[in-house]
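With mmCIF, N, CA and C atoms inside, this is work29.cif:
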```cif
data_upload
loop_
_atom_site.label_atom_id
_atom_site.label_comp_id
_atom_site.auth_asym_id
_atom_site.auth_seq_id
_atom_site.Cartn_x
_atom_site.Cartn_y
_atom_site.Cartn_z
N MET A 13 24.28 -27.36 -65.56
CA MET A 13 23.88 -26.91 -64.24
C MET A 13 22.97 -25.69 -64.37
N ILE A 14 21.94 -25.65 -63.56
CA ILE A 14 20.97 -24.56 -63.60
C ILE A 14 21.47 -23.40 -62.75
N MET A 15 21.38 -22.20 -63.29
CA MET A 15 21.74 -21.02 -62.51
C MET A 15 20.72 -20.87 -61.39
N SER A 16 21.16 -20.35 -60.27
CA SER A 16 20.27 -20.20 -59.13
C SER A 16 19.19 -19.17 -59.42
N VAL A 17 17.97 -19.59 -59.24
CA VAL A 17 16.82 -18.69 -59.40
C VAL A 17 16.15 -18.47 -58.06
N LEU A 18 16.76 -18.98 -57.01
CA LEU A 18 16.15 -18.93 -55.68
C LEU A 18 16.34 -17.55 -55.06
N PRO A 19 15.56 -17.23 -54.03
CA PRO A 19 15.75 -15.96 -53.33
C PRO A 19 17.19 -15.81 -52.85
N SER A 20 17.64 -14.59 -52.75
CA SER A 20 19.06 -14.33 -52.46
C SER A 20 19.54 -14.94 -51.14
N ASN A 21 18.72 -15.03 -50.12
CA ASN A 21 19.14 -15.58 -48.83
C ASN A 21 19.00 -17.09 -48.74
N PHE A 22 18.50 -17.74 -49.77
CA PHE A 22 18.28 -19.18 -49.69
C PHE A 22 19.63 -19.90 -49.68
N PRO A 23 19.84 -20.85 -48.74
CA PRO A 23 21.13 -21.55 -48.65
C PRO A 23 21.46 -22.30 -49.95
N VAL A 24 22.68 -22.16 -50.40
CA VAL A 24 23.10 -22.83 -51.63
C VAL A 24 23.96 -24.06 -51.33
N SER A 25 24.07 -24.43 -50.08
CA SER A 25 24.91 -25.56 -49.71
C SER A 25 24.20 -26.90 -49.87
N LEU A 26 23.07 -26.91 -50.53
CA LEU A 26 22.34 -28.16 -50.76
C LEU A 26 23.09 -29.05 -51.74
N PRO A 27 22.93 -30.38 -51.62
CA PRO A 27 23.45 -31.25 -52.67
C PRO A 27 22.82 -30.87 -54.01
N GLU A 28 23.53 -31.08 -55.07
CA GLU A 28 23.10 -30.61 -56.39
C GLU A 28 21.70 -31.07 -56.76
N MET A 29 21.36 -32.33 -56.53
CA MET A 29 20.04 -32.84 -56.91
C MET A 29 18.94 -32.17 -56.09
N ASP A 30 19.17 -31.96 -54.81
CA ASP A 30 18.18 -31.30 -53.97
C ASP A 30 18.02 -29.83 -54.36
N ARG A 31 19.13 -29.16 -54.67
CA ARG A 31 19.06 -27.77 -55.13
C ARG A 31 18.26 -27.69 -56.42
N TYR A 32 18.47 -28.65 -57.31
CA TYR A 32 17.73 -28.71 -58.57
C TYR A 32 16.23 -28.86 -58.31
N LYS A 33 15.85 -29.71 -57.36
CA LYS A 33 14.43 -29.90 -57.03
C LYS A 33 13.80 -28.61 -56.50
N VAL A 34 14.52 -27.92 -55.61
CA VAL A 34 14.00 -26.67 -55.06
C VAL A 34 13.89 -25.62 -56.16
N GLN A 35 14.89 -25.54 -57.03
CA GLN A 35 14.85 -24.58 -58.13
C GLN A 35 13.69 -24.86 -59.09
N MET A 36 13.46 -26.12 -59.38
CA MET A 36 12.35 -26.46 -60.27
C MET A 36 11.01 -26.12 -59.61
N TYR A 37 10.89 -26.37 -58.32
CA TYR A 37 9.67 -26.01 -57.60
C TYR A 37 9.46 -24.49 -57.64
N TYR A 38 10.54 -23.75 -57.43
CA TYR A 38 10.46 -22.29 -57.46
C TYR A 38 10.06 -21.80 -58.85
N ARG A 39 10.71 -22.36 -59.86
CA ARG A 39 10.39 -21.94 -61.24
C ARG A 39 8.93 -22.23 -61.58
N ARG A 40 8.47 -23.39 -61.21
CA ARG A 40 7.10 -23.77 -61.55
C ARG A 40 6.08 -22.96 -60.75
N SER A 41 6.27 -22.87 -59.44
CA SER A 41 5.23 -22.26 -58.61
C SER A 41 5.32 -20.75 -58.53
N VAL A 42 6.52 -20.19 -58.54
CA VAL A 42 6.65 -18.74 -58.41
C VAL A 42 6.75 -18.08 -59.78
N GLU A 43 7.71 -18.51 -60.59
CA GLU A 43 7.88 -17.87 -61.89
C GLU A 43 6.79 -18.28 -62.88
N GLY A 44 6.45 -19.56 -62.90
CA GLY A 44 5.46 -20.05 -63.86
C GLY A 44 4.05 -19.56 -63.62
N TYR A 45 3.68 -19.37 -62.36
CA TYR A 45 2.32 -18.96 -62.02
C TYR A 45 2.33 -17.69 -61.17
N TYR A 46 3.25 -16.79 -61.45
CA TYR A 46 3.40 -15.61 -60.61
C TYR A 46 2.11 -14.79 -60.52
N ASN A 47 1.42 -14.62 -61.61
CA ASN A 47 0.18 -13.81 -61.58
C ASN A 47 -0.87 -14.40 -60.67
N GLU A 48 -0.93 -15.73 -60.57
CA GLU A 48 -1.94 -16.37 -59.73
C GLU A 48 -1.48 -16.56 -58.29
N TYR A 49 -0.22 -16.96 -58.10
CA TYR A 49 0.23 -17.39 -56.77
C TYR A 49 1.24 -16.46 -56.11
N LYS A 50 1.87 -15.58 -56.87
CA LYS A 50 2.93 -14.70 -56.36
C LYS A 50 4.02 -15.55 -55.70
N PHE A 51 4.42 -15.23 -54.49
CA PHE A 51 5.50 -15.92 -53.79
C PHE A 51 4.96 -16.94 -52.78
N GLY A 52 3.64 -17.10 -52.74
CA GLY A 52 2.98 -17.89 -51.70
C GLY A 52 3.36 -19.35 -51.64
N HIS A 53 3.46 -20.03 -52.78
CA HIS A 53 3.79 -21.45 -52.76
C HIS A 53 5.16 -21.69 -52.13
N PHE A 54 6.13 -20.87 -52.47
CA PHE A 54 7.47 -21.05 -51.94
C PHE A 54 7.50 -20.77 -50.44
N LEU A 55 6.82 -19.73 -50.03
CA LEU A 55 6.74 -19.40 -48.61
C LEU A 55 6.01 -20.50 -47.84
N PHE A 56 4.96 -21.05 -48.42
CA PHE A 56 4.24 -22.14 -47.76
C PHE A 56 5.14 -23.37 -47.61
N ALA A 57 5.96 -23.66 -48.62
CA ALA A 57 6.89 -24.79 -48.51
C ALA A 57 7.85 -24.57 -47.34
N ALA A 58 8.25 -23.33 -47.13
CA ALA A 58 9.13 -23.03 -45.99
C ALA A 58 8.40 -23.25 -44.67
N TYR A 59 7.15 -22.81 -44.58
CA TYR A 59 6.37 -23.05 -43.36
C TYR A 59 6.21 -24.54 -43.11
N ALA A 60 5.99 -25.30 -44.19
CA ALA A 60 5.77 -26.74 -44.07
C ALA A 60 7.03 -27.49 -43.68
N ALA A 61 8.18 -26.86 -43.80
CA ALA A 61 9.44 -27.52 -43.43
C ALA A 61 9.62 -27.63 -41.93
N VAL A 62 8.87 -26.88 -41.16
CA VAL A 62 9.06 -26.87 -39.71
C VAL A 62 8.67 -28.20 -39.07
N PRO A 63 7.47 -28.76 -39.32
CA PRO A 63 7.19 -30.08 -38.72
C PRO A 63 7.99 -31.18 -39.42
N ALA A 64 8.38 -32.20 -38.66
CA ALA A 64 9.17 -33.29 -39.23
C ALA A 64 8.34 -34.17 -40.16
N LEU A 65 7.11 -34.45 -39.79
CA LEU A 65 6.22 -35.25 -40.64
C LEU A 65 5.02 -34.40 -41.02
N LEU A 66 4.54 -34.64 -42.21
CA LEU A 66 3.41 -33.87 -42.75
C LEU A 66 2.25 -34.79 -43.06
N THR A 67 1.06 -34.29 -42.83
CA THR A 67 -0.16 -34.95 -43.29
C THR A 67 -0.95 -33.89 -44.05
N PRO A 68 -1.83 -34.30 -44.94
CA PRO A 68 -2.65 -33.30 -45.62
C PRO A 68 -3.43 -32.45 -44.63
N ASP A 69 -3.97 -33.07 -43.57
CA ASP A 69 -4.73 -32.32 -42.57
C ASP A 69 -3.86 -31.28 -41.87
N LEU A 70 -2.65 -31.67 -41.48
CA LEU A 70 -1.73 -30.74 -40.83
C LEU A 70 -1.39 -29.57 -41.76
N LEU A 71 -1.15 -29.88 -43.02
CA LEU A 71 -0.81 -28.80 -43.97
C LEU A 71 -1.98 -27.85 -44.20
N TYR A 72 -3.20 -28.39 -44.26
CA TYR A 72 -4.35 -27.49 -44.42
C TYR A 72 -4.53 -26.61 -43.18
N LYS A 73 -4.24 -27.16 -42.00
CA LYS A 73 -4.31 -26.34 -40.78
C LYS A 73 -3.21 -25.29 -40.77
N LEU A 74 -2.04 -25.66 -41.23
CA LEU A 74 -0.94 -24.70 -41.35
C LEU A 74 -1.33 -23.60 -42.33
N TRP A 75 -1.89 -23.98 -43.46
CA TRP A 75 -2.34 -23.00 -44.46
C TRP A 75 -3.42 -22.09 -43.86
N GLN A 76 -4.35 -22.69 -43.13
CA GLN A 76 -5.45 -21.92 -42.54
C GLN A 76 -4.93 -20.84 -41.59
N ASN A 77 -3.86 -21.14 -40.87
CA ASN A 77 -3.32 -20.19 -39.91
C ASN A 77 -2.33 -19.20 -40.52
N PHE A 78 -1.70 -19.56 -41.63
CA PHE A 78 -0.66 -18.72 -42.22
C PHE A 78 -0.90 -18.46 -43.71
N HIS A 79 -2.15 -18.29 -44.11
CA HIS A 79 -2.42 -18.14 -45.54
C HIS A 79 -2.26 -16.71 -46.05
N ASN A 80 -1.95 -15.77 -45.20
CA ASN A 80 -1.68 -14.39 -45.64
C ASN A 80 -0.24 -14.02 -45.35
N TYR A 81 0.37 -13.26 -46.23
CA TYR A 81 1.71 -12.75 -46.01
C TYR A 81 1.79 -11.35 -46.59
N HIS A 82 2.81 -10.62 -46.18
CA HIS A 82 2.97 -9.23 -46.62
C HIS A 82 4.01 -9.17 -47.74
N TRP A 83 3.67 -8.47 -48.78
CA TRP A 83 4.56 -8.25 -49.92
C TRP A 83 4.63 -6.76 -50.13
N GLY A 84 5.68 -6.15 -49.61
CA GLY A 84 5.75 -4.69 -49.64
C GLY A 84 4.69 -4.13 -48.72
N ASP A 85 3.81 -3.32 -49.27
CA ASP A 85 2.73 -2.74 -48.47
C ASP A 85 1.40 -3.46 -48.65
N ARG A 86 1.41 -4.59 -49.37
CA ARG A 86 0.19 -5.35 -49.61
C ARG A 86 0.17 -6.65 -48.82
N THR A 87 -1.03 -7.11 -48.49
CA THR A 87 -1.21 -8.43 -47.89
C THR A 87 -1.74 -9.34 -48.98
N ILE A 88 -1.07 -10.47 -49.18
CA ILE A 88 -1.42 -11.41 -50.25
C ILE A 88 -1.73 -12.76 -49.61
N SER A 89 -2.70 -13.46 -50.17
CA SER A 89 -3.08 -14.78 -49.66
C SER A 89 -2.36 -15.89 -50.41
N ILE A 90 -1.98 -16.91 -49.67
CA ILE A 90 -1.43 -18.12 -50.28
C ILE A 90 -2.61 -18.95 -50.74
N HIS A 91 -2.60 -19.36 -52.00
CA HIS A 91 -3.70 -20.14 -52.55
C HIS A 91 -3.72 -21.52 -51.89
N ARG A 92 -4.92 -22.05 -51.63
CA ARG A 92 -5.00 -23.33 -50.92
C ARG A 92 -4.47 -24.50 -51.73
N ILE A 93 -4.31 -24.33 -53.03
CA ILE A 93 -3.75 -25.40 -53.86
C ILE A 93 -2.27 -25.65 -53.53
N ALA A 94 -1.67 -24.73 -52.77
CA ALA A 94 -0.26 -24.89 -52.37
C ALA A 94 -0.05 -26.18 -51.57
N VAL A 95 -1.07 -26.60 -50.83
CA VAL A 95 -0.96 -27.82 -50.02
C VAL A 95 -0.74 -29.03 -50.93
N SER A 96 -1.61 -29.23 -51.89
CA SER A 96 -1.47 -30.39 -52.76
C SER A 96 -0.27 -30.26 -53.69
N ASP A 97 0.01 -29.03 -54.16
CA ASP A 97 1.18 -28.85 -55.00
C ASP A 97 2.46 -29.23 -54.26
N LEU A 98 2.54 -28.91 -52.98
CA LEU A 98 3.72 -29.27 -52.20
C LEU A 98 3.81 -30.79 -52.01
N LEU A 99 2.71 -31.42 -51.62
CA LEU A 99 2.74 -32.87 -51.38
C LEU A 99 3.07 -33.66 -52.65
N LEU A 100 2.66 -33.14 -53.79
CA LEU A 100 2.91 -33.84 -55.06
C LEU A 100 4.23 -33.44 -55.70
N SER A 101 4.95 -32.52 -55.07
CA SER A 101 6.21 -32.04 -55.63
C SER A 101 7.34 -33.00 -55.29
N PRO A 102 8.48 -32.84 -55.95
CA PRO A 102 9.65 -33.68 -55.60
C PRO A 102 10.32 -33.26 -54.29
N LEU A 103 9.78 -32.24 -53.62
CA LEU A 103 10.34 -31.84 -52.33
C LEU A 103 9.93 -32.79 -51.21
N CYS A 104 8.84 -33.52 -51.42
CA CYS A 104 8.28 -34.41 -50.39
C CYS A 104 8.25 -35.85 -50.89
N ARG A 105 8.25 -36.76 -49.93
CA ARG A 105 8.09 -38.17 -50.27
C ARG A 105 7.13 -38.80 -49.26
N GLU A 106 6.48 -39.85 -49.69
CA GLU A 106 5.52 -40.53 -48.82
C GLU A 106 6.29 -41.33 -47.77
N ALA A 107 5.85 -41.20 -46.51
CA ALA A 107 6.52 -41.90 -45.41
C ALA A 107 5.61 -42.95 -44.78
N GLY A 108 4.36 -42.98 -45.15
CA GLY A 108 3.38 -43.90 -44.61
C GLY A 108 2.02 -43.53 -45.13
N PHE A 109 0.99 -44.17 -44.59
CA PHE A 109 -0.36 -43.87 -45.03
C PHE A 109 -0.72 -42.43 -44.66
N GLU A 110 -0.96 -41.62 -45.67
CA GLU A 110 -1.28 -40.19 -45.50
C GLU A 110 -0.24 -39.45 -44.66
N MET A 111 1.00 -39.91 -44.72
CA MET A 111 2.10 -39.23 -44.03
C MET A 111 3.21 -38.98 -45.04
N TYR A 112 3.75 -37.78 -44.98
CA TYR A 112 4.79 -37.36 -45.91
C TYR A 112 5.91 -36.72 -45.13
N GLU A 113 7.07 -36.67 -45.74
CA GLU A 113 8.19 -35.94 -45.15
C GLU A 113 8.87 -35.15 -46.26
N MET A 114 9.35 -33.98 -45.87
CA MET A 114 10.16 -33.20 -46.79
C MET A 114 11.55 -33.80 -46.73
N LEU A 115 12.22 -33.87 -47.86
CA LEU A 115 13.57 -34.43 -47.89
C LEU A 115 14.44 -33.66 -46.88
N PRO A 116 15.23 -34.37 -46.06
CA PRO A 116 15.92 -33.74 -44.93
C PRO A 116 16.78 -32.52 -45.28
N GLU A 117 17.59 -32.62 -46.33
CA GLU A 117 18.46 -31.49 -46.69
C GLU A 117 17.63 -30.30 -47.13
N ILE A 118 16.57 -30.55 -47.87
CA ILE A 118 15.69 -29.48 -48.34
C ILE A 118 14.97 -28.85 -47.15
N ARG A 119 14.51 -29.68 -46.25
CA ARG A 119 13.82 -29.19 -45.04
C ARG A 119 14.72 -28.26 -44.25
N LEU A 120 15.96 -28.67 -44.02
CA LEU A 120 16.89 -27.85 -43.25
C LEU A 120 17.21 -26.54 -43.98
N ALA A 121 17.31 -26.59 -45.30
CA ALA A 121 17.57 -25.36 -46.07
C ALA A 121 16.41 -24.38 -45.95
N PHE A 122 15.17 -24.88 -46.01
CA PHE A 122 14.01 -24.00 -45.85
C PHE A 122 13.96 -23.40 -44.44
N ILE A 123 14.27 -24.20 -43.43
CA ILE A 123 14.27 -23.69 -42.06
C ILE A 123 15.36 -22.62 -41.89
N GLU A 124 16.53 -22.88 -42.44
CA GLU A 124 17.60 -21.88 -42.38
C GLU A 124 17.18 -20.60 -43.09
N TRP A 125 16.53 -20.73 -44.23
CA TRP A 125 16.06 -19.56 -44.98
C TRP A 125 15.03 -18.77 -44.17
N LEU A 126 14.10 -19.48 -43.52
CA LEU A 126 13.12 -18.79 -42.67
C LEU A 126 13.81 -18.01 -41.56
N ASN A 127 14.82 -18.62 -40.95
CA ASN A 127 15.57 -17.93 -39.90
C ASN A 127 16.30 -16.70 -40.43
N LEU A 128 16.91 -16.83 -41.58
CA LEU A 128 17.60 -15.69 -42.19
C LEU A 128 16.62 -14.58 -42.56
N GLU A 129 15.47 -14.95 -43.09
CA GLU A 129 14.46 -13.97 -43.49
C GLU A 129 13.88 -13.24 -42.28
N SER A 130 13.72 -13.97 -41.18
CA SER A 130 13.11 -13.34 -40.00
C SER A 130 14.08 -12.41 -39.28
N THR A 131 15.39 -12.61 -39.48
CA THR A 131 16.36 -11.75 -38.81
C THR A 131 16.93 -10.66 -39.71
N SER A 132 16.67 -10.75 -41.03
CA SER A 132 17.22 -9.72 -41.93
C SER A 132 16.35 -8.47 -41.88
N PRO A 133 16.98 -7.30 -41.99
CA PRO A 133 16.21 -6.06 -41.97
C PRO A 133 15.32 -5.95 -43.20
N GLN A 134 14.12 -5.45 -43.00
CA GLN A 134 13.16 -5.35 -44.11
C GLN A 134 13.36 -4.11 -44.92
#
```
Could you render the structure as structure tokens?
Amino acid sequence: MIMSVLPSNFPVSLPEMDRYKVQMYYRRSVEGYYNEYKFGHFLFAAYAAVPALLTPDLLYKLWQNFHNYHWGDRTISIHRIAVSDLLLSPLCREAGFEMYEMLPEIRLAFIEWLNLESTSPQ
């Protein structure tokens, strides 16, 4: 079993396989490419969990509107490659022609994490 490498507020009540997928995504996108992407890929995956169905066009529009985030006293941009990295990750599956969905348990965990992050004191 993999030790949790996820942010401290991230829900751990996921089924083991789904938790493993999220941890691998975090390790690859945040830890593996920290110098290039910082925390942006993981945060973008959380933003992408809000709509029930995803399309590449919708995700690029989401990225266009939310591509900056604050890290301490700095503003950092989410790299646009986060869109394709998310769609090609094990967090999403194809639901139709150019339509994708985030796995339901993972989607709910990201939404819960966003809610916890928005209400926790900074």
Nearest-residue call for Phe51 (chain A), choices A:Glu113, A:Arg119, A:Ser89, A:Trp75, using only N, CA and C atoms =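 Ranked by minimum distance to Phe51 (chain A), first place goes to A:Ser89.
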Give me, as an mmCIF file with N, CA and C atoms, keeping the file's coordinate frame, all polymer residues having an atom no more than 8 Å from Leu65 (chain A), counting only N, CA and C atoms and skipping those fewer than 3 positions away in the same chain.
```
data_model
loop_
_atom_site.group_PDB
_atom_site.id
_atom_site.type_symbol
_atom_site.label_atom_id
_atom_site.label_comp_id
_atom_site.auth_asym_id
_atom_site.auth_seq_id
_atom_site.Cartn_x
_atom_site.Cartn_y
_atom_site.Cartn_z
ATOM 1 N N ALA A 60 5.990 -25.300 -44.190
ATOM 2 C CA ALA A 60 5.770 -26.740 -44.070
ATOM 3 C C ALA A 60 7.030 -27.490 -43.680
ATOM 4 N N ALA A 61 8.180 -26.860 -43.800
ATOM 5 C CA ALA A 61 9.440 -27.520 -43.430
ATOM 6 C C ALA A 61 9.620 -27.630 -41.930
ATOM 7 N N VAL A 62 8.870 -26.880 -41.160
ATOM 8 C CA VAL A 62 9.060 -26.870 -39.710
ATOM 9 C C VAL A 62 8.670 -28.200 -39.070
ATOM 10 N N PRO A 68 -1.830 -34.300 -44.940
ATOM 11 C CA PRO A 68 -2.650 -33.300 -45.620
ATOM 12 C C PRO A 68 -3.430 -32.450 -44.630
ATOM 13 N N LEU A 70 -2.650 -31.670 -41.480
ATOM 14 C CA LEU A 70 -1.730 -30.740 -40.830
ATOM 15 C C LEU A 70 -1.390 -29.570 -41.760
ATOM 16 N N LEU A 71 -1.150 -29.880 -43.020
ATOM 17 C CA LEU A 71 -0.810 -28.800 -43.970
ATOM 18 C C LEU A 71 -1.980 -27.850 -44.200
ATOM 19 N N MET A 111 1.000 -39.910 -44.720
ATOM 20 C CA MET A 111 2.100 -39.230 -44.030
ATOM 21 C C MET A 111 3.210 -38.980 -45.040
ATOM 22 N N TYR A 112 3.750 -37.780 -44.980
ATOM 23 C CA TYR A 112 4.790 -37.360 -45.910
ATOM 24 C C TYR A 112 5.910 -36.720 -45.130
ATOM 25 N N GLU A 113 7.070 -36.670 -45.740
ATOM 26 C CA GLU A 113 8.190 -35.940 -45.150
ATOM 27 C C GLU A 113 8.870 -35.150 -46.260
ATOM 28 N N MET A 114 9.350 -33.980 -45.870
ATOM 29 C CA MET A 114 10.160 -33.200 -46.790
ATOM 30 C C MET A 114 11.550 -33.800 -46.730
#
```
task: Do a neighbour search on Leu103 (chain A) at 7 Å with only N, CA and C atoms, toss out local chain neighbours closer than 3 positions, and write the hits as a PyMOL selection string.
output: chain A and resi 33-34+98-100+113-115
Exercise. Would you please work out which residue, of A:Val17, A:Glu106, A:Ile88, A:Ser41, is nearest to Phe54 (chain A) when using only N, CA and C atoms?
Key: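 Nearest candidate to Phe54 (chain A) out of A:Val17, A:Glu106, A:Ile88, A:Ser41: A:Ser41.
Atom C of Asn127 (chain A) sits 20.5 Å away from CA of Val42 (chain A).
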With distances taken over all atoms listed in the file, the candidate from A:Arg40, A:Arg31, A:Lys50, A:Arg105 nearest Ile90 (chain A) is A:Lys50
As an NGL selection string, which residues of chain A does DSSP assign to helix (DSSP H, G or I)? :A and (28-43 or 46-49 or 52-60 or 68-77 or 93-99 or 116-131)
| message | Restricting the calculation to only C-alpha atoms: of A:Arg39, A:Ala121, A:Gly44, A:Asn80, which residue gets closest to Arg92 (chain A)? | response |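 For Arg92 (chain A), the nearest of the candidates is A:Asn80.
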* Asked: Which polymer residues have any atom within 12 Å of an atom of Leu120 (chain A), counting only C-alpha atoms, with same-chain residues fewer than 3 positions away left out, as a PyMOL selection string?
  -> chain A and resi 22-27+30+57-64+103+114-117+123-127
Residue with the minimum atom-to-atom distance to His53 (chain A), picked from A:Met29, A:Ile118, A:Leu66, A:Ala94 with only N, CA and C atoms counted, is A:Ala94
Expressed in Å, the length from atom C of Trp83 (chain A) to atom C of Gln35 (chain A) is 22.1 Å
If you measure from CA of Leu128 (chain A) to atom C of Leu55 (chain A), what distance in Å do you get, rounded to one decimal?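 We find that CA of Leu128 (chain A) and atom C of Leu55 (chain A) lie 13.8 Å from each other.
Among the residues of chain A, backbone DSSP assigns strand (DSSP E or B) to Leu66, Asn80, Tyr81, His82, Trp83, Arg86, Thr87, Ile88, Ser89, Cys104, Arg105, Glu106, Ala107, Gly108, Met111, Tyr112, Glu113 and Met114 of chain A.
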Take the residues that were just selected and, keeping N, CA and C atoms, output them as a PDB file, in the frame of the given file.
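Contents of the output file again.pdb:
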```pdb
ATOM      1  N   LEU A  66       4.540 -34.640 -42.210  1.00  0.00           N
ATOM      2  CA  LEU A  66       3.410 -33.870 -42.750  1.00  0.00           C
ATOM      3  C   LEU A  66       2.250 -34.790 -43.060  1.00  0.00           C
ATOM      4  N   ASN A  80      -1.950 -15.770 -45.200  1.00  0.00           N
ATOM      5  CA  ASN A  80      -1.680 -14.390 -45.640  1.00  0.00           C
ATOM      6  C   ASN A  80      -0.240 -14.020 -45.350  1.00  0.00           C
ATOM      7  N   TYR A  81       0.370 -13.260 -46.230  1.00  0.00           N
ATOM      8  CA  TYR A  81       1.710 -12.750 -46.010  1.00  0.00           C
ATOM      9  C   TYR A  81       1.790 -11.350 -46.590  1.00  0.00           C
ATOM     10  N   HIS A  82       2.810 -10.620 -46.180  1.00  0.00           N
ATOM     11  CA  HIS A  82       2.970  -9.230 -46.620  1.00  0.00           C
ATOM     12  C   HIS A  82       4.010  -9.170 -47.740  1.00  0.00           C
ATOM     13  N   TRP A  83       3.670  -8.470 -48.780  1.00  0.00           N
ATOM     14  CA  TRP A  83       4.560  -8.250 -49.920  1.00  0.00           C
ATOM     15  C   TRP A  83       4.630  -6.760 -50.130  1.00  0.00           C
ATOM     16  N   ARG A  86       1.410  -4.590 -49.370  1.00  0.00           N
ATOM     17  CA  ARG A  86       0.190  -5.350 -49.610  1.00  0.00           C
ATOM     18  C   ARG A  86       0.170  -6.650 -48.820  1.00  0.00           C
ATOM     19  N   THR A  87      -1.030  -7.110 -48.490  1.00  0.00           N
ATOM     20  CA  THR A  87      -1.210  -8.430 -47.890  1.00  0.00           C
ATOM     21  C   THR A  87      -1.740  -9.340 -48.980  1.00  0.00           C
ATOM     22  N   ILE A  88      -1.070 -10.470 -49.180  1.00  0.00           N
ATOM     23  CA  ILE A  88      -1.420 -11.410 -50.250  1.00  0.00           C
ATOM     24  C   ILE A  88      -1.730 -12.760 -49.610  1.00  0.00           C
ATOM     25  N   SER A  89      -2.700 -13.460 -50.170  1.00  0.00           N
ATOM     26  CA  SER A  89      -3.080 -14.780 -49.660  1.00  0.00           C
ATOM     27  C   SER A  89      -2.360 -15.890 -50.410  1.00  0.00           C
ATOM     28  N   CYS A 104       8.840 -33.520 -51.420  1.00  0.00           N
ATOM     29  CA  CYS A 104       8.280 -34.410 -50.390  1.00  0.00           C
ATOM     30  C   CYS A 104       8.250 -35.850 -50.890  1.00  0.00           C
ATOM     31  N   ARG A 105       8.250 -36.760 -49.930  1.00  0.00           N
ATOM     32  CA  ARG A 105       8.090 -38.170 -50.270  1.00  0.00           C
ATOM     33  C   ARG A 105       7.130 -38.800 -49.260  1.00  0.00           C
ATOM     34  N   GLU A 106       6.480 -39.850 -49.690  1.00  0.00           N
ATOM     35  CA  GLU A 106       5.520 -40.530 -48.820  1.00  0.00           C
ATOM     36  C   GLU A 106       6.290 -41.330 -47.770  1.00  0.00           C
ATOM     37  N   ALA A 107       5.850 -41.200 -46.510  1.00  0.00           N
ATOM     38  CA  ALA A 107       6.520 -41.900 -45.410  1.00  0.00           C
ATOM     39  C   ALA A 107       5.610 -42.950 -44.780  1.00  0.00           C
ATOM     40  N   GLY A 108       4.360 -42.980 -45.150  1.00  0.00           N
ATOM     41  CA  GLY A 108       3.380 -43.900 -44.610  1.00  0.00           C
ATOM     42  C   GLY A 108       2.020 -43.530 -45.130  1.00  0.00           C
ATOM     43  N   MET A 111       1.000 -39.910 -44.720  1.00  0.00           N
ATOM     44  CA  MET A 111       2.100 -39.230 -44.030  1.00  0.00           C
ATOM     45  C   MET A 111       3.210 -38.980 -45.040  1.00  0.00           C
ATOM     46  N   TYR A 112       3.750 -37.780 -44.980  1.00  0.00           N
ATOM     47  CA  TYR A 112       4.790 -37.360 -45.910  1.00  0.00           C
ATOM     48  C   TYR A 112       5.910 -36.720 -45.130  1.00  0.00           C
ATOM     49  N   GLU A 113       7.070 -36.670 -45.740  1.00  0.00           N
ATOM     50  CA  GLU A 113       8.190 -35.940 -45.150  1.00  0.00           C
ATOM     51  C   GLU A 113       8.870 -35.150 -46.260  1.00  0.00           C
ATOM     52  N   MET A 114       9.350 -33.980 -45.870  1.00  0.00           N
ATOM     53  CA  MET A 114      10.160 -33.200 -46.790  1.00  0.00           C
ATOM     54  C   MET A 114      11.550 -33.800 -46.730  1.00  0.00           C
TER      55      MET A 114
END
```
